[in-house]
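Single-structure report; data block below.
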There are 6 protein chains.
Amino acid sequence: MMDSFLLDGQLRRFLLEDLEHGDMTTEAIFSDQDQAAAALVARQLMVVAGMERVAGRVFTLLDAEIRVAGALADGARAEPGTELLSLRGRTRGLLRAERLALNLAQRLCGIATLTDAFVRAVAGLPVKIVDTRKTTPGLRLLEKYAVRAGGGHNHRFGLSDGVLIKDNHIAACGSIAEAVRRVRLQVPHTINIEVETDTLEQVEECLRCQVGIILLDNMDIPTLRQAVHLIKGRALAEASGGVNLETVRAIAETGVNLISVGALTHSARACDIGMDWRD
Amino acid sequence: MMDSFLLDGQLRRFLLEDLEHGDMTTEAIFSDQDQAAAALVARQLMVVAGMERVAGRVFTLLDAEIRVAGALADGARAEPGTELLSLRGRTRGLLRAERLALNLAQRLCGIATLTDAFVRAVAGLPVKIVDTRKTTPGLRLLEKYAVRAGGGHNHRFGLSDGVLIKDNHIAACGSIAEAVRRVRLQVPHTINIEVETDTLEQVEECLRCQVGIILLDNMDIPTLRQAVHLIKGRALAEASGGVNLETVRAIAETGVNLISVGALTHSARACDIGMDWRD
Amino acid sequence: MMDSFLLDGQLRRFLLEDLEHGDMTTEAIFSDQDQAAAALVARQLMVVAGMERVAGRVFTLLDAEIRVAGALADGARAEPGTELLSLRGRTRGLLRAERLALNLAQRLCGIATLTDAFVRAVAGLPVKIVDTRKTTPGLRLLEKYAVRAGGGHNHRFGLSDGVLIKDNHIAACGSIAEAVRRVRLQVPHTINIEVETDTLEQVEECLRCQVGIILLDNMDIPTLRQAVHLIKGRALAEASGGVNLETVRAIAETGVNLISVGALTHSARACDIGMDWRD
Amino acid sequence: MMDSFLLDGQLRRFLLEDLEHGDMTTEAIFSDQDQAAAALVARQLMVVAGMERVAGRVFTLLDAEIRVAGALADGARAEPGTELLSLRGRTRGLLRAERLALNLAQRLCGIATLTDAFVRAVAGLPVKIVDTRKTTPGLRLLEKYAVRAGGGHNHRFGLSDGVLIKDNHIAACGSIAEAVRRVRLQVPHTINIEVETDTLEQVEECLRCQVGIILLDNMDIPTLRQAVHLIKGRALAEASGGVNLETVRAIAETGVNLISVGALTHSARACDIGMDWRD
Amino acid sequence: MMDSFLLDGQLRRFLLEDLEHGDMTTEAIFSDQDQAAAALVARQLMVVAGMERVAGRVFTLLDAEIRVAGALADGARAEPGTELLSLRGRTRGLLRAERLALNLAQRLCGIATLTDAFVRAVAGLPVKIVDTRKTTPGLRLLEKYAVRAGGGHNHRFGLSDGVLIKDNHIAACGSIAEAVRRVRLQVPHTINIEVETDTLEQVEECLRCQVGIILLDNMDIPTLRQAVHLIKGRALAEASGGVNLETVRAIAETGVNLISVGALTHSARACDIGMDWRD
Amino acid sequence: MMDSFLLDGQLRRFLLEDLEHGDMTTEAIFSDQDQAAAALVARQLMVVAGMERVAGRVFTLLDAEIRVAGALADGARAEPGTELLSLRGRTRGLLRAERLALNLAQRLCGIATLTDAFVRAVAGLPVKIVDTRKTTPGLRLLEKYAVRAGGGHNHRFGLSDGVLIKDNHIAACGSIAEAVRRVRLQVPHTINIEVETDTLEQVEECLRCQVGIILLDNMDIPTLRQAVHLIKGRALAEASGGVNLETVRAIAETGVNLISVGALTHSARACDIGMDWRD
């Protein structure tokens, strides 16, 4: 889901954002013949995402003769000092691509590392950690890729490939049943319909409509447990709201199938990664 | 620096990222005639950025008949519960644009709020807080705009509109003097040349070359103070490295003219903003 | 799912395909002041699709001052001679947009009309007629819109918003069970997984895996009936292969839930629509 | 007229229409290492168009390492079972490009096959079968290429590279003479002016203006014959309207130089082509 | 041939070339409320081209609220001091669009003025002054428009809408006859074929092939006269090579129908036009 | 500042401007197998710019198998008859790219040659010849590159990477001091502020504000000399207005640091360069 065919247009735009009409400093100082070697290096403990396909691609897209090697696999754990990716080629190209490669790598590894923390917090329980649409504009595809690298799963990619019936939709229709009926008339059968609920009454209404996924929004632990009990496996139960590393295990223990966490993408801290020069 | 002429292409791409072939849920439930009113509302204390020109524009770009009003000005301080922007128009348009408008508003206000914290931490001192190139790929223009809304200033926008001679450049030339000489041969005279230094010896070398801006990188407080003393106003002194809300005032008190803070853009937390429906 | 926000970029490209550097004939003969009125008129019995949002939009996109009125609604039935859309404005604009508007209208109405024929052929039976990915390159969104206008339903829009496990996938995994397992590890829970089957044994394997949709490919009527009997409502049963207006009712009577018909988009005949000038 | 320089942008857009954020099924099941071989195979008698340059290019554009070989030449005749193009490379790439390659190949071969039928129907007569602007929006270049592969010829590509003066133009000017005069003032001398006529009087008026091409629209056979007699080779005579495989030979026998057939592109049936996997 | 539908994409790119992330000077000094009036004013004698549709459009494209009025018509003659276009609106918009509007207006008026000089030099003779493909990359459409404003005519727009058989083509085929034969097999009948000749023998060969246009390249006056005599109106005679304001009348007097002048677009001097501020 | 990463998108657009749907003449006459060799050859004395990176790139972008060799370096002096670039590959590719490559090469060499004339006119004096924003829309990057090839230097690239406070700005603020103050509040410290002056009083006001660059606009020689005397090296002195090859040395002798010349880009004559075929 992350190959250069899908990514290149976007990476090219990102490079031009930084380079507009070139890198004045580097072009004044280095010639086209100057060669160098470098490596992206972890400066903290992290879970890796996007080294070869994203960070490495930034370099080769700018200069097809740069050699990229030794990329750590997605999901690998790196200690401080670990070499994440090694590079060899024109100094000009290495310097011009450096900032974008780091900006992307730091963000993607940050998301993978935070996702991994959530996944480990629910280790042993039959639950999936999933992301949301609270992604950085323009980076959704990349950020959802990083979530998978960290062991998480993806929720829908956008408004076109999933249905989530929320309070406004329900209010406009008068009932969950009517909202679901209208959606079923329009939406491909390949889509599993999801409804957001705030109360157990709504959960029951969902079950009567044979909804595929029930979002249990901002419910406390006892209510979540009751909801799971009501659902009895007839739909997927997804918890959302108030999820953090302190609360996630208790939420998972209620028996929900999925926990969606906006923080994976909107609040992950960039990992500390540097580019070191080699002789 | 932020009008719709420059922004629209990008916002349109962001909208399509979420909407690809439409919003299946909303289109199944609401008709083209349904109207509604809503408001973006602060759910925490924050400094505002981009309400009218960015968040509001997302709505009118999607549906030119949506009316946007009451936008808080850039730099305004909002309490929890403050209405930041009010909206009226087709329900379909409001729902389809909601997520992107929030994703952008939360990020920009987050940056403005963090910048404001740094600016207030150095209140009364003759120093500017400036940003870096450590921005989100694709969002640099918007993020630098949010820095200004928060009272900060912008460093160069990219590799094409500023010169920063770093350690690799110096090493390749053998000396700061030679690096500066090469750059002066190439670079427009409208550019103020900046050199990164690690030691006081390098600062002195910069002064001998009449460099316009000296970056004092990762120096401790006493060294910064000595550097400022050496420079004596003959160049702008910019501190960077190890800057956070605890250390920034002490750094400012050394007398530097500028403090650049990567965290403004790479580590700002998204502000909590919601969209509430009105009757 | 068909508003101008999503369509305009594409319609603009289509207009430029025909207009490159303008319409030499019309520009030599008419001035910018010349005005005219015209109408798109059905020249055969048809089911209408896209009059206002597609054909009409072609004219206003080219010349924002052209007035479009009286568009027949999607799904309306038109006799030969019925006015489908009326237009008033600059003669130059009307002539320059005419061909593209007709090319699109004829194709979309052709698809709606064929879809309608299939839908009427199964009238009274609890089955949906659905489309496939056998659409014209570049026109998928528009063609799927026309299918809905004709009373049909949409299958997935592309490879990114639906899962269909086919024979190659199954062969590579050794079994349906393994293929489904791998897919479940990766794919958003909002996606309802579909598996293509050729035999009743495969149908049973699908049921053991609790697959959501079972594609019954190229089965004869008795086998389809057995498959539906086996499935007993535990999954959606979709028939495909060998579907035409002669066979579709018998297929529907087997009790399948869905019948997918590639011909809706790859073999619909363009409807005969002309543009008549009014005084 | 069909090389990758002109085509790639368009093919890339078509691929993204189907792939948006990847092929979920294939990516879950196959690894990047899996390799396979396949072939496009005719399932009916057909005239071939676009195998190497279009269908083959879809595969290599998606994955530059896929090897394409054995493409049948444009215009070749293929029996059911004939291999049209063979492919070898990553299974992922083969599966992801399959649908687009087939959708294009089926359409282009359909047009070539229908064009060939018209060309054979007039075999031995000094007449050219030509296409029209009734092409699929976005595919004009490709469809006109397929017409040539089938032995037909191209009419103008769009409104910018040919002049066709129609009834509206004539009505606005009061006479053919005045319309031709106005056009001659504006249009490059490299363009051969064509005028549409409904009557023999109009044909005579065209001859008085020394028009290069006279379109004889919807005339019956005796009138066509009279028109050709009137023209006596002083202009090209082009017949249009009511042309089908039953009528085309009689029309050709009137002595017209060209017969334009909208059906070549708006009503060709897609050929049946499949992709078979090889060991 | 010059309306905003065709131009806007290009003008937007030109504006971004100058504005990338805005106009720092103007935005620091003027507020969004500041209003001003200005006019484009001729500073030399000139023939006008593109005031309303090109220069004026630059302003309204940047800021839709700028009012444009009083544009001189294409082909009008302006004395030094004549107001060519008046503007009223946001000061910011006026300043940001000024340079591009002037750069375009100066170039287009320069071309129109030079074309007009050639046209007047052949006044009274039945000959057309035509342009070539020696245009500025990216500006062909605009430059050919300016040629028409100056009273000239357009040759083909590019390699796709006209045929010009040159020496290499002839050499590759062995004869003009063979080259023409190959071209006639491929090229739409709407195209009037042109052949470049250096000698009277080649002119005669062209006549035998019934070529529509004969380019008489770099022939001296007596040879041109003989060529025209040979052709006797059976083809259009176009002179090229060595054409300047001193030679053009003598060339025209040989009786050629067309004279093509590369200098119209590759060597026109920019006209002097300024933007004056009004109270 | 001129590598293919930055240029390719633009060159591709230029090629399509000429080629739209191919080169009808060449495609009818040559096959894909035909090979040829050719060279770009100077037909006048010139200073070279862009042979390898621009003209050569046009060919390889169109057809990656064309071999480019022997490119003269930027800034080299070429006599009439000198081979500037040699080419070998498909005849079709060579012919289709020829016109664009020549159009670009002629323009860039024209600018380099004119710049070189200005640079030689001030030989021995400590002054730089710089360009302006009076460039051809869409070609700024290329034209500024040619200025450097000719020995000149670049002024700012656009409104986003330099500040030039002009008369309107000053008038709006009431004084230079206020204008400078407002700009300093907004503009990155990496930008060296420039102010346009008409009088010595304004020069003094600039010095009081410690402006980095003072533009001395349209001053006569004695006034320029006085201005330089006043400035005494405290700012860069840039002369503009009334600069031509006759006046430039006298202007330089006043001691200004920079002379900006709009004519470098808006009035350079295209150099005469041809493409000769080799055996």
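By convention here, the chains of the structure tokens are called A, B, ... in the order presented, each chain's residues are numbered starting at 1, and ligands are numbered starting at 1 in the order presented.
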
With the cut-off set at 12 Å and counting only C-alpha atoms, tabulate each residue of chain B with an atom at most that distance from an atom of chain E, showing the nearest atom pair and its distance in Å to one decimal, ordered by chain and increasing number, as JSON lines.
```
{"residue": "B:Met1", "atom": "CA", "partner": "E:Gly22", "partner_atom": "CA", "distance": 4.7}
{"residue": "B:Met2", "atom": "CA", "partner": "E:Gly22", "partner_atom": "CA", "distance": 7.5}
{"residue": "B:Asp3", "atom": "CA", "partner": "E:Gly22", "partner_atom": "CA", "distance": 8.5}
{"residue": "B:Ser4", "atom": "CA", "partner": "E:Leu62", "partner_atom": "CA", "distance": 9.1}
{"residue": "B:Phe5", "atom": "CA", "partner": "E:Leu62", "partner_atom": "CA", "distance": 6.3}
{"residue": "B:Leu6", "atom": "CA", "partner": "E:His21", "partner_atom": "CA", "distance": 7.1}
{"residue": "B:Leu7", "atom": "CA", "partner": "E:His21", "partner_atom": "CA", "distance": 9.5}
{"residue": "B:Asp8", "atom": "CA", "partner": "E:Arg12", "partner_atom": "CA", "distance": 11.5}
{"residue": "B:Gly9", "atom": "CA", "partner": "E:Arg12", "partner_atom": "CA", "distance": 10.6}
{"residue": "B:Leu139", "atom": "CA", "partner": "E:His21", "partner_atom": "CA", "distance": 12.0}
{"residue": "B:Arg140", "atom": "CA", "partner": "E:His21", "partner_atom": "CA", "distance": 10.0}
{"residue": "B:Leu141", "atom": "CA", "partner": "E:His21", "partner_atom": "CA", "distance": 7.0}
{"residue": "B:Leu142", "atom": "CA", "partner": "E:His21", "partner_atom": "CA", "distance": 10.0}
{"residue": "B:Lys144", "atom": "CA", "partner": "E:His21", "partner_atom": "CA", "distance": 10.5}
{"residue": "B:Tyr145", "atom": "CA", "partner": "E:His21", "partner_atom": "CA", "distance": 10.4}
{"residue": "B:Asn154", "atom": "CA", "partner": "E:Met24", "partner_atom": "CA", "distance": 11.6}
{"residue": "B:Arg156", "atom": "CA", "partner": "E:His21", "partner_atom": "CA", "distance": 11.3}
{"residue": "B:Phe157", "atom": "CA", "partner": "E:His21", "partner_atom": "CA", "distance": 8.5}
{"residue": "B:Gly158", "atom": "CA", "partner": "E:His21", "partner_atom": "CA", "distance": 10.7}
{"residue": "B:Ser160", "atom": "CA", "partner": "E:Glu20", "partner_atom": "CA", "distance": 11.0}
{"residue": "B:Asp161", "atom": "CA", "partner": "E:Glu20", "partner_atom": "CA", "distance": 10.7}
```

Point to revise | Shell of 7 Å around range 116-123 of chain A, only C-alpha atoms, local chain residues under 6 positions omitted, as a ChimeraX atom specification | key: /A:129,150-152,245,249,252

Could you dump the residues just selected with N, CA, C and O atoms as a compact mmCIF listing (two decimals), in the first residue's frame?
```txt
# COMPACT_ATOMS: atom_id res chain seq x y z
N ILE A 129 -5.92 -2.36 17.99
CA ILE A 129 -5.79 -0.90 18.11
C ILE A 129 -5.94 -0.33 16.70
O ILE A 129 -5.20 -0.72 15.79
N GLY A 150 3.54 -0.11 13.29
CA GLY A 150 3.61 -0.19 14.75
C GLY A 150 2.72 -1.28 15.32
O GLY A 150 2.60 -1.41 16.54
N GLY A 151 2.08 -2.06 14.47
CA GLY A 151 1.27 -3.17 14.96
C GLY A 151 -0.21 -2.84 15.08
O GLY A 151 -1.00 -3.67 15.51
N GLY A 152 -0.58 -1.62 14.71
CA GLY A 152 -1.98 -1.25 14.75
C GLY A 152 -2.69 -1.63 13.47
O GLY A 152 -2.10 -2.19 12.55
N LEU A 245 -2.69 5.69 27.24
CA LEU A 245 -1.90 4.52 27.63
C LEU A 245 -2.27 4.03 29.04
O LEU A 245 -2.05 2.85 29.36
N ARG A 249 -5.80 -0.56 28.65
CA ARG A 249 -5.91 -1.98 29.01
C ARG A 249 -7.26 -2.28 29.67
O ARG A 249 -7.89 -3.29 29.35
N ALA A 252 -9.75 -2.49 27.00
CA ALA A 252 -9.61 -3.74 26.24
C ALA A 252 -10.20 -4.91 27.03
O ALA A 252 -10.80 -5.83 26.45
```

**Study point:** Residue contacts of Ile231 in chain E (12 Å, only C-alpha atoms) excluding same-chain residues fewer than 2 positions away, as an MDAnalysis selection string
**Key:** chainID E and resid 200:208 210:216 224:229 233:238 255:257

Exercise for review: Per DSSP on the backbone, filter range 46-242 of chain C down to the residues in alpha helix (DSSP H) and report them as a PyMOL selection string.
Suggested key: chain C and resi 57-62+91-121+140-149+167-173+176-186+200-208+221-231

Check your understanding: So which residues touch Ala78 in chain E within 7 Å, counting only C-alpha atoms, skipping near sequence neighbours fewer than 3 positions away, as a ChimeraX atom specification?
Key -> /E:42,45-48,82

Skip Val187 in chain D itself and residues of its chain fewer than 3 positions away, then list as a short mmCIF file (atom, residue, chain, number, x, y, z; two decimals) with N, CA and C atoms, in the first residue's frame all residues within 9 Å of it, counting only C-alpha atoms.
```
data_model
loop_
_atom_site.label_atom_id
_atom_site.label_comp_id
_atom_site.auth_asym_id
_atom_site.auth_seq_id
_atom_site.Cartn_x
_atom_site.Cartn_y
_atom_site.Cartn_z
N MET C 24 -11.97 27.03 -33.60
CA MET C 24 -11.65 27.95 -34.69
C MET C 24 -12.89 28.38 -35.46
N THR C 25 -13.77 27.44 -35.74
CA THR C 25 -14.93 27.73 -36.56
C THR C 25 -15.84 28.74 -35.87
N ALA C 28 -14.52 32.28 -35.36
CA ALA C 28 -14.43 33.09 -36.57
C ALA C 28 -15.80 33.66 -36.95
N VAL D 163 -11.73 22.80 -39.25
CA VAL D 163 -12.90 23.68 -39.33
C VAL D 163 -14.03 22.89 -39.94
N ARG D 182 -15.60 34.61 -43.43
CA ARG D 182 -15.17 34.94 -42.07
C ARG D 182 -14.13 33.95 -41.56
N VAL D 183 -14.32 32.70 -41.85
CA VAL D 183 -13.38 31.69 -41.37
C VAL D 183 -12.01 31.87 -42.02
N ARG D 184 -12.02 32.19 -43.31
CA ARG D 184 -10.73 32.34 -44.01
C ARG D 184 -9.91 33.48 -43.43
N THR D 190 -3.14 26.30 -43.14
CA THR D 190 -2.82 24.87 -43.11
C THR D 190 -4.07 24.03 -42.88
N ILE D 191 -5.18 24.70 -42.64
CA ILE D 191 -6.42 23.99 -42.37
C ILE D 191 -7.27 23.96 -43.63
N ILE D 193 -10.75 23.77 -45.10
CA ILE D 193 -12.08 24.09 -44.56
C ILE D 193 -13.14 23.11 -45.07
N HIS E 153 -1.50 36.74 -39.38
CA HIS E 153 -2.25 35.49 -39.36
C HIS E 153 -1.40 34.39 -38.76
N ASN E 154 -2.07 33.34 -38.32
CA ASN E 154 -1.33 32.25 -37.68
C ASN E 154 -1.03 31.13 -38.67
N HIS E 155 0.19 30.61 -38.57
CA HIS E 155 0.54 29.34 -39.20
C HIS E 155 0.05 28.25 -38.23
#
```

Review point. Which neighbours of Leu40 in chain E fall inside 7 Å, counting only C-alpha atoms, when residues of the same chain fewer than 5 positions from it are skipped, and could you give them as a list in words?
Key: Glu83, Leu84, Leu85, Ser86, Ile273, Gly274, Met275 and Asp276 of chain E

Using only C-alpha atoms, which residues sit within 6 Å of Thr91 in chain D once same-chain residues fewer than 2 positions away are excluded, as a PDB file with C-alpha atoms, in the first residue's frame?
```pdb
ATOM      1  CA  ASP D  34       6.215 -13.292  -5.479  1.00  0.00           C
ATOM      2  CA  GLN D  35       6.659 -13.655  -9.238  1.00  0.00           C
ATOM      3  CA  ALA D  36       4.309 -14.875 -11.935  1.00  0.00           C
ATOM      4  CA  GLY D  93       2.042  -5.660 -10.194  1.00  0.00           C
ATOM      5  CA  LEU D  94       0.353  -8.059 -12.597  1.00  0.00           C
TER       6      LEU D  94
END
```

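Put simply, CA of Arg181 in chain E is 26.1 Å away from CA of Ala38 in chain F.
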
Practice item. Please identify which residues in range 64-249 of chain F DSSP calls strand (DSSP E) from the backbone, and express them as a count of residues only. Key: 32

Check your understanding: In Å to one decimal, how far is CA of Arg133 in chain A from CA of Gly75 in chain B?
Key ->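 Interatomic distance, CA of Gly75 in chain B to CA of Arg133 in chain A: 27.2 Å.
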